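Peer 1: Next up, structure-v7.txt (compact mmCIF, C-alpha atoms).
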```txt
# COMPACT_ATOMS: atom_id res chain seq x y z
CA TYR C 74 -109.53 129.87 -91.74
CA THR C 75 -107.02 127.24 -90.65
CA LEU C 76 -108.18 123.61 -90.66
CA VAL C 77 -106.76 121.19 -88.07
CA THR C 78 -107.39 117.44 -87.92
CA MET C 79 -107.62 115.87 -84.46
CA PHE C 80 -107.64 112.15 -83.72
CA TYR C 81 -108.91 111.29 -80.23
CA GLU C 82 -108.65 107.86 -78.57
CA HIS C 83 -110.74 107.21 -75.47
CA GLU C 84 -111.76 104.37 -73.16
CA ASP C 85 -109.15 102.06 -74.77
CA CYS C 86 -111.79 101.02 -77.28
CA CYS C 87 -112.82 103.94 -79.40
CA GLU C 88 -111.46 106.58 -81.76
CA ASP C 89 -112.98 109.83 -82.99
CA LEU C 90 -111.87 112.04 -85.88
CA TYR C 91 -112.51 115.77 -85.49
CA TYR C 92 -111.99 118.66 -87.87
CA VAL C 93 -111.41 121.98 -86.13
CA THR C 94 -111.26 125.42 -87.74
CA TYR C 95 -109.50 128.49 -86.37
CA THR C 96 -109.20 132.07 -87.54
CA PRO C 97 -106.34 132.49 -90.07
CA ASP C 98 -103.97 133.71 -87.34
CA ARG C 99 -105.08 130.77 -85.10
CA SER C 100 -106.06 133.12 -82.29
CA ALA C 101 -109.70 131.98 -82.03
CA LEU C 102 -111.75 128.84 -82.58
CA VAL C 103 -114.26 129.16 -85.44
CA GLY C 104 -115.89 125.73 -85.23
CA TRP C 105 -115.40 122.01 -84.77
CA GLN C 106 -117.11 118.84 -85.98
CA ARG C 107 -116.74 115.16 -85.16
CA VAL C 108 -116.85 113.54 -88.57
CA ALA C 109 -116.05 109.88 -87.89
CA GLN C 110 -115.72 107.28 -85.17
CA ARG C 111 -114.64 103.68 -84.79
CA GLY C 112 -114.69 101.25 -81.90
CA ALA C 113 -116.43 98.52 -79.95
CA ASP C 114 -117.57 98.26 -76.37
CA GLY C 115 -119.96 95.75 -74.85
CA PHE C 116 -122.87 95.22 -77.25
CA TRP C 117 -121.94 98.16 -79.51
CA GLN C 118 -119.52 98.50 -82.41
CA ALA C 119 -119.18 101.23 -85.01
CA GLU C 120 -117.13 102.29 -88.00
CA SER C 121 -117.19 105.31 -90.28
CA ARG C 122 -116.14 105.36 -93.93
CA LEU C 123 -115.06 108.62 -95.52
CA ARG C 124 -115.05 109.62 -99.18
CA ARG C 125 -115.30 112.74 -101.31
CA ASP C 126 -118.25 113.36 -103.61
CA SER C 127 -117.96 114.69 -107.19
CA GLU C 128 -117.80 118.27 -105.88
CA GLY C 129 -115.02 117.49 -103.38
CA ARG C 130 -117.25 117.53 -100.27
CA LEU C 131 -116.69 115.03 -97.46
CA VAL C 132 -119.31 112.26 -97.29
CA VAL C 133 -119.27 109.93 -94.28
CA THR C 134 -121.14 106.63 -93.97
CA HIS C 135 -121.39 105.63 -90.32
CA LEU C 136 -122.40 102.06 -89.45
CA ALA C 137 -123.22 101.10 -85.86
CA ASP C 138 -124.31 97.68 -84.61
CA ASN C 139 -126.19 97.52 -81.30
CA GLN C 140 -127.45 94.57 -79.24
CA GLU C 141 -129.85 94.76 -76.34
CA ASP C 142 -128.44 91.59 -74.69
CA GLU C 143 -126.17 88.62 -75.40
CA GLY C 144 -128.60 87.09 -77.90
CA ALA C 145 -128.13 86.72 -81.64
CA ALA C 146 -130.46 89.61 -82.58
CA TYR C 147 -129.03 93.07 -83.19
CA TYR C 148 -129.81 96.14 -85.25
CA ARG C 149 -127.60 98.20 -87.55
CA ASP C 150 -127.91 101.93 -87.96
CA SER C 151 -126.53 103.38 -91.17
CA VAL C 152 -126.24 107.16 -91.47
CA VAL C 153 -124.82 109.01 -94.48
CA THR C 154 -123.80 112.62 -93.83
CA ARG C 155 -122.22 115.31 -96.00
CA PHE C 156 -119.92 117.85 -94.36
CA GLU C 157 -119.09 121.20 -95.92
CA LEU C 158 -117.10 124.21 -94.83
CA THR C 159 -118.35 127.73 -95.49
CA PRO C 160 -115.82 130.30 -96.77
CA ALA C 161 -115.64 131.58 -93.17
CA GLY C 162 -114.67 128.13 -91.83
CA ARG C 163 -118.03 127.18 -90.30
CA TRP C 164 -119.29 123.61 -90.61
CA VAL C 165 -122.47 122.64 -92.42
CA ARG C 166 -123.74 119.12 -91.77
CA VAL C 167 -126.40 117.58 -94.05
CA ARG C 168 -127.91 114.15 -93.42
CA LEU C 169 -128.30 112.45 -96.80
CA ASP C 170 -129.74 109.11 -95.71
CA SER C 171 -130.35 106.91 -92.68
CA ALA C 172 -131.71 103.44 -92.07
CA ARG C 173 -132.11 100.92 -89.26
CA THR C 174 -132.15 97.22 -90.10
CA ASN C 175 -132.63 94.20 -87.87
CA HIS C 176 -130.16 91.30 -88.10
CA THR C 177 -129.47 87.91 -86.56
CA ARG C 178 -125.93 86.69 -85.99
CA GLN C 179 -125.23 83.25 -87.43
CA GLU C 180 -123.49 80.81 -85.12
CA PRO C 181 -120.26 79.35 -86.63
```
As structure tokens, what does this structure read like?

Peer 2:
Amino acid sequence: YTLVTMFYEHEDCCEDLYYVTYTPDRSALVGWQRVAQRGADGFWQAESRLRRDSEGRLVVTHLADNQEDEGAAYYRDSVVTRFELTPAGRWVRVRLDSARTNHTRQEP
């Protein structure tokens, strides 16, 4: 397969990172996967952190903060996902961990 990295900016606030696989001659799409995102809009902000594990697989920690209104309370979602490619170029996505925590913003 041929692996292509695509970086997509949208809505003037957000960025997504995609990995796309094609057949070796690039004549057909095999698969695609959004692996990371970053941005902020309204009461939402998010950031992904990428690293490789000891076996060379991509591990992404995605943190997203969400507020229901303009108050100080918000919650943070943390999701850790491992991405692997099969020998045929297909994506395998495995959720390793996830958590939601409640927070309160401190006024300066």

Peer 1: Which residue gives the smallest distance to C:Ala109 among C:Leu158, C:Cys86, C:Leu136, C:Val167, with all atoms listed in the file counted?

Peer 2: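 Under the stated criterion, the closest residue is C:Leu136.
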
Peer 1: Could you check how far atom CA of C:Glu157 sits from atom CA of C:Ala119, in Å to one decimal?

Peer 2: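 Here the two named atoms are 22.8 Å from each other.
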
Peer 1: Quote the spacing between atom CA of C:Arg99 and atom CA of C:Gly162 in Å to one decimal place.

Peer 2: 12.0 Å

Peer 1: Considering only C-alpha atoms, return as a list in words whatever protein or nucleic-acid residues lie within 7 Å of C:Arg124, sequence-local ones (same chain, fewer than 3 positions apart) excluded.

Peer 2: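 Skipping anything fewer than 3 positions along the chain leaves Leu131, Val132 and Val133 of chain C.
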
Peer 1: Counting only C-alpha atoms, write as a list in words all protein and nucleic acid residues lying at most 8 Å from (-125.7, 107.9, -94.7) in the file's frame.

Peer 2: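 Checking each residue against the 8 Å limit leaves Val133, Thr134, His135, Ser151, Val152, Val153, Thr154, Arg168, Leu169, Asp170, Ser171 and Ala172 of chain C.
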
Peer 1: Determine the axis-aligned bounding box of all atoms of stretch 118-136 of chain C present in the file, pad each side by 4 Å, and express its centre and edge lengths in Å to one decimal place as JSON.

Peer 2:
```
{"center_x": -118.7, "center_y": 108.4, "center_z": -94.8, "size_x": 15.4, "size_y": 27.8, "size_z": 32.8}
```

Peer 1: What gap, in Å, lies between atom CA of C:Ala146 and atom CA of C:Asp114?

Peer 2: 16.7 Å

Peer 1: Could you pull out every residue with an atom within 9 Å of (-111.8, 125.9, -89.9), file coordinates, counting only C-alpha atoms, and send them as a list in words?

Peer 2: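 The answer, in the requested form, is Tyr74, Thr75, Leu76, Val77, Tyr92, Val93, Thr94, Tyr95, Thr96, Pro97, Leu102, Val103, Gly104, Trp105, Leu158, Thr159, Ala161, Gly162, Arg163 and Trp164 of chain C.
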
Peer 1: Of the residues C:Arg178, C:Val165, C:Arg122, C:Asp89, which is the one nearest to C:Arg149, using all atoms listed in the file?

Peer 2: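 Checking each candidate against C:Arg149, we get C:Arg178 as the closest.
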
Peer 1: For C:His83, which of C:Arg111, C:Gly129, C:Tyr148, C:Gln179 is the closest residue, counting all atoms listed in the file?

Peer 2: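 Counting all atoms listed in the file, the residue closest to C:His83 is C:Arg111.
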